[in-house]
Amino acid sequence: MGGGARRTRGPGFRLALLLLCALLLAGGPDLAGAEFVPSPPSAAPEERFFPETGFGTAGAFARFWARNGGLPRFGLPLSPPVADPAGGGLTTQYFERARFEFHPDYPPQYRVSLALLGLAALGDRPERAAPAAPCADDCALFAETGHTLRDTFQRFWIAGGGLPVFGYPLTEELREVNAADGREYAVQYFERARFEHHPEHAGTDHEVLLGLLGREALAARPDIAGLPAVAAPDDPGAGRTIVLDAGHDRSTGGAGGVEYRDTLRTALALRPLLEARGYTVHLTRADDDTVLLDDPSLRPPDAATTPYDAGYLEGYAHASKILALAPDLAISIHYNAAPSGPGGGSTTYYCDLGGPQNRLLAELVQREIALALRDRGYTPPYSRVEEDAAIGKAYGHLATLGNVNEPAGRTLGNRMASLPIVLTEALFETDPLERALIADDATLARLAEGYARAIDAYFARQ
Ligand SMILES: [Zn+2]
């Protein structure tokens, strides 16, 4: 709408709405959730900008830089991330002492690798083919390259990440004049680095430095400065924690007494898909024996003196467990039950009281659930998202999405504020056709893929 659009409701209405929300959110003492501080889905805290060179670190490169030694190890960034035409479009970034590369097809822990600058700098020098020095205590001989690693350099190599970071030794320790300052140092070449021993820094973090191979390599590639910066690469789930709530447990069983098993099967199918995307994943329960209510810390603070019904207590315990795991996003997985007879359908519930992010997450999840079911040859009678309060229970849906309709006289407050969380009822246990789909591992695998895509899509919009 343009600037001339007419308001149909005046500021008085909005003020009333704000007051209502404030009252609802204030609720009462937020007892069980008092320690919960929602962690917003935000940029990696490792991201930095360096005015010294005018470049910064972000994404997976920032995390690798920060976690593997930072400034003393790799030096300042000398370029933005660029798509290197000489590397087939590989995303790389130059630092003073290394060049970072992002390999999206590698396993997550190796996607960021240091370029083979040690190998390139050493070239065909005779030291590479020289025989290994005798190797005894405090020494390792690498048959792969026929060279040894010992003493200070060995300790540095191990502490700095070892083989995946630096690669194999390509020479023995040798002495050479450093091009940067004209002085002679003990050095050793590795596939991805040159170690330099600086006795003037003995006892400090700078006693062993990586040679300035990134700076030297960049000097040989004047075309890099003319390339456009590209977005810092990243894994979609890096730095984010997901909680999968396998709805119910054997204390109630859930729909048909079997739902709790199927919610766990679904969570277990989804977990590895999320972990492969870089997410950290926790389950509220990892097996069918665990009963969350057995943990007193997960009960309402007045559980001993208040006659809550079993369903409320079970849901409350699951919600408490979700909060205790402090996720960036949570999905409570359920399957539905009709009070009488067959009748299927697919719903994802969200709670506006918990924040506007929930409706977006619900729509993304439900769309993927519908696509997954269609891929399995099934179109449910309906596929929808629904506000949690609409189901008309005496409390929020299994007390999980925010206690919007609490038992009379109870004001435990909105425990879920700002945490993206939805509750799914993808299929009905009580409908024979849908029950057969739930029992089919192939359906759950496809549903799991859909959940993972929806979670990626949610964070991609943040
Ligand atoms: Zn359920």
# chains A, B, ... in the order shown; residues from 1 in each chain; ligands from 1

call {"tool": "select_by_dssp", "arguments": {"residues": "range 292-350 of chain A", "states": "alpha helix (DSSP H)", "output": "list in words"}}
result
Ala310, Gly311, Tyr312, Leu313, Glu314, Gly315, Tyr316, Ala317, His318, Ala319, Ser320, Lys321, Ile322, Leu323 and Ala324 of chain A

call {"tool": "write_last_selection", "arguments": {"atoms": "N, CA and C atoms", "output": "mmCIF file, in the first residue's frame"}}
result
data_model
loop_
_atom_site.group_PDB
_atom_site.id
_atom_site.type_symbol
_atom_site.label_atom_id
_atom_site.label_comp_id
_atom_site.auth_asym_id
_atom_site.auth_seq_id
_atom_site.Cartn_x
_atom_site.Cartn_y
_atom_site.Cartn_z
ATOM 1 N N ALA A 310 -3.018 -35.369 33.494
ATOM 2 C CA ALA A 310 -1.802 -36.050 33.046
ATOM 3 C C ALA A 310 -1.274 -35.477 31.741
ATOM 4 N N GLY A 311 -2.201 -35.146 30.819
ATOM 5 C CA GLY A 311 -1.767 -34.616 29.530
ATOM 6 C C GLY A 311 -1.058 -33.280 29.681
ATOM 7 N N TYR A 312 -1.584 -32.445 30.589
ATOM 8 C CA TYR A 312 -0.953 -31.153 30.823
ATOM 9 C C TYR A 312 0.446 -31.350 31.391
ATOM 10 N N LEU A 313 0.558 -32.214 32.379
ATOM 11 C CA LEU A 313 1.866 -32.430 33.012
ATOM 12 C C LEU A 313 2.887 -32.979 32.022
ATOM 13 N N GLU A 314 2.446 -33.895 31.181
ATOM 14 C CA GLU A 314 3.359 -34.471 30.204
ATOM 15 C C GLU A 314 3.839 -33.396 29.229
ATOM 16 N N GLY A 315 2.889 -32.626 28.714
ATOM 17 C CA GLY A 315 3.254 -31.554 27.792
ATOM 18 C C GLY A 315 4.142 -30.515 28.451
ATOM 19 N N TYR A 316 3.821 -30.205 29.704
ATOM 20 C CA TYR A 316 4.622 -29.223 30.439
ATOM 21 C C TYR A 316 6.062 -29.706 30.584
ATOM 22 N N ALA A 317 6.218 -30.987 30.904
ATOM 23 C CA ALA A 317 7.565 -31.537 31.085
ATOM 24 C C ALA A 317 8.351 -31.480 29.774
ATOM 25 N N HIS A 318 7.668 -31.791 28.662
ATOM 26 C CA HIS A 318 8.366 -31.725 27.371
ATOM 27 C C HIS A 318 8.769 -30.285 27.053
ATOM 28 N N ALA A 319 7.861 -29.345 27.346
ATOM 29 C CA ALA A 319 8.194 -27.937 27.102
ATOM 30 C C ALA A 319 9.363 -27.503 27.978
ATOM 31 N N SER A 320 9.367 -27.949 29.240
ATOM 32 C CA SER A 320 10.472 -27.596 30.142
ATOM 33 C C SER A 320 11.798 -28.128 29.603
ATOM 34 N N LYS A 321 11.739 -29.350 29.076
ATOM 35 C CA LYS A 321 12.963 -29.954 28.545
ATOM 36 C C LYS A 321 13.463 -29.174 27.329
ATOM 37 N N ILE A 322 12.542 -28.779 26.462
ATOM 38 C CA ILE A 322 12.928 -27.978 25.294
ATOM 39 C C ILE A 322 13.654 -26.718 25.756
ATOM 40 N N LEU A 323 13.069 -26.028 26.730
ATOM 41 C CA LEU A 323 13.661 -24.766 27.197
ATOM 42 C C LEU A 323 15.015 -25.002 27.851
ATOM 43 N N ALA A 324 15.122 -26.097 28.599
ATOM 44 C CA ALA A 324 16.385 -26.382 29.280
ATOM 45 C C ALA A 324 17.514 -26.598 28.276
#

call {"tool": "residues_near_ligand", "arguments": {"ligand": "ligand 1", "cutoff": "6 Å", "atoms": "only C-alpha atoms and all ligand atoms", "output": "list in words"}}
result
Gly247, Gly254, His334, Tyr335 and Asn336 of chain A

call {"tool": "atom_distance", "arguments": {"atom1": "CA of Gly89 in chain A", "atom2": "CA of Gly160 in chain A"}}
result
28.2 Å

call {"tool": "closest_residue", "arguments": {"among": "A:Asp295, A:Asp234, A:Asp223, A:Asp456", "to": "Val112 in chain A", "atoms": "only C-alpha atoms"}}
result
A:Asp234

call {"tool": "residues_around", "arguments": {"residues": "Pro77 in chain A", "least_positions_apart": "6", "cutoff": "9 Å", "atoms": "only C-alpha atoms", "output": "MDAnalysis selection string"}}
result
chainID A and resid 50 53:57 93:96

call {"tool": "residues_around", "arguments": {"residues": "Ser297 in chain A", "least_positions_apart": "3", "cutoff": "9 Å", "atoms": "only C-alpha atoms", "output": "ChimeraX atom specification"}}
result
/A:32,293-294,300-301,317,320

call {"tool": "write_last_selection", "arguments": {"atoms": "N, CA and C atoms", "output": "short mmCIF file (atom, residue, chain, number, x, y, z; two decimals), in the first residue's frame"}}
result
data_model
loop_
_atom_site.label_atom_id
_atom_site.label_comp_id
_atom_site.auth_asym_id
_atom_site.auth_seq_id
_atom_site.Cartn_x
_atom_site.Cartn_y
_atom_site.Cartn_z
N ALA A 32 9.22 -21.44 35.74
CA ALA A 32 10.12 -22.47 35.21
C ALA A 32 11.03 -21.92 34.13
N LEU A 293 8.58 -36.73 32.94
CA LEU A 293 8.01 -36.33 34.24
C LEU A 293 8.75 -36.96 35.41
N ASP A 294 9.55 -37.97 35.16
CA ASP A 294 10.35 -38.54 36.25
C ASP A 294 11.38 -37.54 36.77
N PRO A 300 5.68 -28.46 36.73
CA PRO A 300 5.30 -27.13 37.22
C PRO A 300 5.73 -26.98 38.67
N PRO A 301 6.08 -25.77 39.07
CA PRO A 301 6.60 -25.59 40.43
C PRO A 301 5.60 -25.99 41.52
N ALA A 317 6.22 -30.99 30.90
CA ALA A 317 7.57 -31.54 31.08
C ALA A 317 8.35 -31.48 29.77
N SER A 320 9.37 -27.95 29.24
CA SER A 320 10.47 -27.60 30.14
C SER A 320 11.80 -28.13 29.60
#

call {"tool": "closest_residue", "arguments": {"among": "A:Thr266, A:Thr204, A:Asn68, A:Thr91", "to": "Ala286 in chain A", "atoms": "only C-alpha atoms"}}
result
A:Thr266

call {"tool": "atom_distance", "arguments": {"atom1": "CA of Leu423 in chain A", "atom2": "CA of Thr348 in chain A"}}
result
5.7 Å

call {"tool": "closest_residue", "arguments": {"among": "A:Leu433, A:Leu209, A:Gly69, A:Ala389", "to": "Gly161 in chain A", "atoms": "only C-alpha atoms"}}
result
A:Gly69

call {"tool": "closest_residue", "arguments": {"among": "A:His103, A:Arg299, A:Phe195, A:Ala330", "to": "Ala267 in chain A", "atoms": "only C-alpha atoms"}}
result
A:Ala330
